[in-house]
file coords-v9.cif (mmCIF, C-alpha atoms)
data_start
loop_
_atom_site.group_PDB
_atom_site.id
_atom_site.type_symbol
_atom_site.label_atom_id
_atom_site.label_comp_id
_atom_site.auth_asym_id
_atom_site.auth_seq_id
_atom_site.Cartn_x
_atom_site.Cartn_y
_atom_site.Cartn_z
ATOM 1 C CA MET A 1 -78.791 -15.147 -21.080
ATOM 2 C CA LYS A 2 -75.543 -14.399 -19.252
ATOM 3 C CA LYS A 3 -77.296 -14.866 -15.898
ATOM 4 C CA MET A 4 -78.586 -18.251 -16.983
ATOM 5 C CA VAL A 5 -75.157 -19.428 -18.139
ATOM 6 C CA LEU A 6 -73.584 -18.128 -14.948
ATOM 7 C CA SER A 7 -76.242 -19.910 -12.864
ATOM 8 C CA VAL A 8 -75.593 -23.201 -14.686
ATOM 9 C CA VAL A 9 -71.822 -22.848 -14.219
ATOM 10 C CA VAL A 10 -72.227 -22.101 -10.502
ATOM 11 C CA LEU A 11 -74.606 -25.035 -10.069
ATOM 12 C CA LEU A 12 -72.255 -27.452 -11.847
ATOM 13 C CA THR A 13 -69.320 -26.180 -9.793
ATOM 14 C CA MET A 14 -71.237 -26.741 -6.566
ATOM 15 C CA VAL A 15 -72.294 -30.252 -7.609
ATOM 16 C CA GLY A 16 -68.713 -31.070 -8.605
ATOM 17 C CA ALA A 17 -67.311 -29.754 -5.327
ATOM 18 C CA TYR A 18 -69.865 -31.766 -3.360
ATOM 19 C CA ALA A 19 -68.982 -34.932 -5.293
ATOM 20 C CA LEU A 20 -65.267 -34.399 -4.623
ATOM 21 C CA ILE A 21 -65.788 -33.755 -0.921
ATOM 22 C CA VAL A 22 -68.045 -36.758 -0.441
ATOM 23 C CA GLY A 23 -65.867 -38.973 -2.644
ATOM 24 C CA PHE A 24 -62.666 -38.206 -0.733
ATOM 25 C CA SER A 25 -64.200 -37.934 2.716
ATOM 26 C CA PRO A 26 -62.664 -40.203 5.383
ATOM 27 C CA TYR A 27 -66.191 -40.937 6.604
ATOM 28 C CA GLY A 28 -68.799 -43.289 5.332
ATOM 29 C CA GLU A 29 -68.176 -46.856 4.373
ATOM 30 C CA SER A 30 -65.516 -48.822 6.180
ATOM 31 C CA ASP A 31 -62.643 -50.202 4.146
ATOM 32 C CA VAL A 32 -61.813 -52.827 6.794
ATOM 33 C CA GLU A 33 -63.700 -55.165 9.074
ATOM 34 C CA GLY A 34 -63.493 -55.618 12.813
ATOM 35 C CA HIS A 35 -65.357 -54.906 16.040
ATOM 36 C CA ILE A 36 -66.462 -51.793 17.907
ATOM 37 C CA GLY A 37 -67.572 -51.374 21.487
ATOM 38 C CA VAL A 38 -70.822 -49.516 22.145
ATOM 39 C CA ARG A 39 -71.652 -48.060 25.553
ATOM 40 C CA VAL A 40 -74.728 -46.070 26.488
ATOM 41 C CA VAL A 41 -74.820 -44.188 29.782
ATOM 42 C CA ASP A 42 -78.203 -42.891 30.974
ATOM 43 C CA ALA A 43 -78.987 -39.650 32.828
ATOM 44 C CA SER A 44 -78.298 -41.269 36.219
ATOM 45 C CA GLY A 45 -74.783 -42.299 35.132
ATOM 46 C CA GLN A 46 -75.721 -45.965 34.817
ATOM 47 C CA THR A 47 -74.227 -47.921 31.895
ATOM 48 C CA VAL A 48 -77.294 -49.520 30.297
ATOM 49 C CA ILE A 49 -75.653 -50.894 27.138
ATOM 50 C CA ASP A 50 -72.129 -52.321 26.932
ATOM 51 C CA ASP A 51 -71.810 -54.389 23.758
ATOM 52 C CA THR A 52 -69.228 -55.420 21.191
ATOM 53 C CA LEU A 53 -70.501 -55.379 17.610
ATOM 54 C CA PRO A 54 -68.888 -56.699 14.433
ATOM 55 C CA PHE A 55 -68.645 -54.614 11.284
ATOM 56 C CA HIS A 56 -67.668 -55.502 7.753
ATOM 57 C CA GLU A 57 -66.066 -53.760 4.831
ATOM 58 C CA GLY A 58 -68.596 -51.344 3.352
ATOM 59 C CA ASP A 59 -70.529 -50.841 6.630
ATOM 60 C CA THR A 60 -71.216 -47.408 8.116
ATOM 61 C CA MET A 61 -71.546 -46.466 11.776
ATOM 62 C CA PHE A 62 -75.244 -45.790 11.274
ATOM 63 C CA GLU A 63 -75.822 -49.233 9.691
ATOM 64 C CA VAL A 64 -73.999 -51.070 12.465
ATOM 65 C CA LEU A 65 -75.960 -49.275 15.195
ATOM 66 C CA ASN A 66 -79.283 -49.495 13.352
ATOM 67 C CA GLN A 67 -78.949 -53.277 12.857
ATOM 68 C CA ARG A 68 -78.647 -53.886 16.614
ATOM 69 C CA TYR A 69 -80.586 -51.098 18.350
ATOM 70 C CA GLU A 70 -83.801 -49.152 18.033
ATOM 71 C CA LEU A 71 -82.541 -45.687 17.142
ATOM 72 C CA THR A 72 -84.542 -42.509 17.670
ATOM 73 C CA LEU A 73 -83.496 -39.998 15.018
ATOM 74 C CA LYS A 74 -84.368 -36.511 13.892
ATOM 75 C CA THR A 75 -83.397 -35.229 10.456
ATOM 76 C CA PHE A 76 -82.211 -31.663 10.024
ATOM 77 C CA ALA A 77 -82.435 -30.510 6.412
ATOM 78 C CA SER A 78 -80.342 -27.436 7.247
ATOM 79 C CA VAL A 79 -77.281 -29.553 8.009
ATOM 80 C CA GLY A 80 -78.100 -32.487 5.757
ATOM 81 C CA GLY A 81 -77.845 -35.097 8.449
ATOM 82 C CA ARG A 82 -79.515 -36.967 11.244
ATOM 83 C CA ALA A 83 -79.313 -36.303 14.945
ATOM 84 C CA LEU A 84 -79.325 -39.341 17.200
ATOM 85 C CA LEU A 85 -81.853 -38.681 19.974
ATOM 86 C CA GLY A 86 -81.909 -42.125 21.511
ATOM 87 C CA ILE A 87 -80.746 -45.713 21.575
ATOM 88 C CA ASP A 88 -83.263 -48.323 22.705
ATOM 89 C CA ASP A 89 -84.873 -47.043 25.946
ATOM 90 C CA VAL A 90 -82.416 -44.154 26.451
ATOM 91 C CA VAL A 91 -84.064 -41.247 24.613
ATOM 92 C CA THR A 92 -83.286 -37.527 24.838
ATOM 93 C CA ASP A 93 -85.320 -34.569 23.628
ATOM 94 C CA PHE A 94 -82.356 -32.720 22.020
ATOM 95 C CA VAL A 95 -83.539 -29.545 23.752
ATOM 96 C CA SER A 96 -82.855 -30.056 27.459
ATOM 97 C CA ASP A 97 -80.583 -33.100 27.015
ATOM 98 C CA PHE A 98 -78.694 -34.930 24.276
ATOM 99 C CA LEU A 99 -76.345 -37.847 23.649
ATOM 100 C CA TYR A 100 -72.752 -36.687 24.103
ATOM 101 C CA ILE A 101 -70.501 -38.890 21.954
ATOM 102 C CA THR A 102 -66.931 -39.789 22.855
ATOM 103 C CA LEU A 103 -64.674 -41.985 20.750
ATOM 104 C CA HIS A 104 -62.109 -44.206 22.449
ATOM 105 C CA TYR A 105 -59.438 -45.280 19.970
ATOM 106 C CA PRO A 106 -57.140 -48.141 20.961
ATOM 107 C CA VAL A 107 -53.432 -47.517 21.431
ATOM 108 C CA ARG A 108 -51.613 -50.713 20.539
ATOM 109 C CA GLU A 109 -48.180 -51.959 21.424
ATOM 110 C CA ASN A 110 -46.965 -55.245 19.942
ATOM 111 C CA GLY A 111 -50.521 -55.911 18.754
ATOM 112 C CA GLU A 112 -51.992 -55.511 22.263
ATOM 113 C CA ILE A 113 -54.290 -52.665 23.340
ATOM 114 C CA ILE A 114 -52.459 -50.831 26.138
ATOM 115 C CA ASP A 115 -54.608 -47.697 26.407
ATOM 116 C CA TYR A 116 -57.218 -45.580 24.625
ATOM 117 C CA ASP A 117 -57.040 -42.097 23.134
ATOM 118 C CA VAL A 118 -60.329 -40.363 23.910
ATOM 119 C CA GLU A 119 -61.819 -37.719 21.617
ATOM 120 C CA THR A 120 -65.115 -35.878 21.595
ATOM 121 C CA ALA A 121 -67.005 -36.668 18.386
ATOM 122 C CA MET A 122 -66.986 -33.681 16.057
ATOM 123 C CA SER A 123 -69.932 -34.955 14.032
ATOM 124 C CA GLY A 124 -73.012 -37.113 14.394
ATOM 125 C CA ILE A 125 -73.198 -40.833 13.629
ATOM 126 C CA ASP A 126 -73.379 -40.195 9.879
ATOM 127 C CA GLY A 127 -69.904 -38.654 10.010
ATOM 128 C CA LEU A 128 -68.115 -41.213 12.174
ATOM 129 C CA SER A 129 -65.774 -43.746 10.674
ATOM 130 C CA LEU A 130 -65.423 -47.294 11.945
ATOM 131 C CA ARG A 131 -62.071 -48.406 13.346
ATOM 132 C CA ASP A 132 -61.352 -51.857 14.668
ATOM 133 C CA GLY A 133 -61.201 -51.891 18.457
ATOM 134 C CA MET A 134 -62.712 -48.452 18.993
ATOM 135 C CA ILE A 135 -65.336 -47.869 21.671
ATOM 136 C CA ILE A 136 -68.076 -45.322 21.070
ATOM 137 C CA VAL A 137 -69.719 -43.987 24.228
ATOM 138 C CA PHE A 138 -73.085 -42.200 24.223
ATOM 139 C CA THR A 139 -73.731 -40.320 27.473
ATOM 140 C CA VAL A 140 -76.975 -38.507 28.252
ATOM 141 C CA THR A 141 -75.933 -34.925 29.013
ATOM 142 C CA THR A 142 -78.045 -31.960 30.042
ATOM 143 C CA VAL A 143 -77.821 -28.791 27.970
ATOM 144 C CA GLY A 144 -75.512 -26.380 29.761
ATOM 145 C CA GLY A 145 -74.184 -29.223 31.876
ATOM 146 C CA GLY A 146 -70.784 -29.346 30.187
ATOM 147 C CA SER A 147 -69.069 -32.496 29.048
ATOM 148 C CA PRO A 148 -69.677 -35.600 31.178
#
call {"tool": "encode", "arguments": {"input": "coords-v9.cif", "output": "structure tokens"}}
result
Amino acid sequence: MKKMVLSVVVLLTMVGAYALIVGFSPYGESDVEGHIGVRVVDASGQTVIDDTLPFHEGDTMFEVLNQRYELTLKTFASVGGRALLGIDDVVTDFVSDFLYITLHYPVRENGEIIDYDVETAMSGIDGLSLRDGMIIVFTVTTVGGGSP
């Protein structure tokens, strides 16, 4: 009986912790609207997509990309998320190559964009937040090839 009670308490604690983390996460739905730039660079270094897409309050990065492009995805139950293998005709196998994601955040001065801060994405598209003026760059990169 004690084991059962302990199991229920542990389960409820885990569910509660998950709800708190997801509820207070900075990722997910946007709380603003604006535009993002999307660039896709193929294995030869050629930019094959260079678009500007609108987003609205409540949108996610995945929704914005999925509305415009044909996405090739693979779901990994072990991490609870999707891996983006391809966008339109640029498809990787996630074994010998993958889409390296960089985020270019605008630096503004007097309302004008004067530069961009560039960061490597630390999560997949399900964990990226939308920011007005940002540019997200997907570059086909070979495994072991280092950052582009």
call {"tool": "resolve_selection", "arguments": {"input": "coords-v9.cif", "expression": "the PyMOL selection byres ((chain A and resi 103) around 10)", "output": "list in words"}}
result
Gly37, Val38, Ile101, Thr102, His104, Tyr105, Pro106, Tyr116, Asp117, Val118, Glu119, Thr120, Ala121, Met122, Leu128, Met134, Ile135, Ile136, Val137 and Phe138 of chain A
call {"tool": "resolve_selection", "arguments": {"input": "coords-v9.cif", "expression": "the PyMOL selection byres ((chain A and resi 71-87) around 9)", "output": "list of chain:residue names"}}
result
A:Val40, A:Leu65, A:Asn66, A:Tyr69, A:Glu70, A:Asp88, A:Asp89, A:Val90, A:Val91, A:Thr92, A:Asp93, A:Phe94, A:Phe98, A:Leu99, A:Gly124, A:Ile125, A:Asp126, A:Gly127, A:Phe138
call {"tool": "axis_aligned_box", "arguments": {"input": "coords-v9.cif", "around": "segment 133-143 of chain A", "padding_each_side": "5 Å", "output": "JSON"}}
result
{"center_x": -69.6, "center_y": -40.3, "center_z": 24.2, "size_x": 26.8, "size_y": 33.1, "size_z": 21.6}
call {"tool": "closest_residue", "arguments": {"input": "coords-v9.cif", "among": "A:Val64, A:Val107, A:Ile113, A:Val95", "to": "Val140 of chain A", "atoms": "all atoms listed in the file"}}
result
A:Val95
call {"tool": "closest_residue", "arguments": {"input": "coords-v9.cif", "among": "A:His35, A:Ser123, A:Arg108, A:Thr139", "to": "Ile49 of chain A", "atoms": "only C-alpha atoms"}}
result
A:Thr139
call {"tool": "closest_residue", "arguments": {"input": "coords-v9.cif", "among": "A:Ile114, A:Val143, A:Val41, A:Met61", "to": "Leu130 of chain A", "atoms": "all atoms listed in the file"}}
result
A:Met61
call {"tool": "atom_distance", "arguments": {"input": "coords-v9.cif", "atom1": "atom CA of Ser30 of chain A", "atom2": "atom CA of Gly58 of chain A"}}
result
4.9 Å
call {"tool": "closest_residue", "arguments": {"input": "coords-v9.cif", "among": "A:Ser96, A:Gln67, A:Thr60, A:Thr141", "to": "Glu33 of chain A", "atoms": "all atoms listed in the file"}}
result
A:Thr60
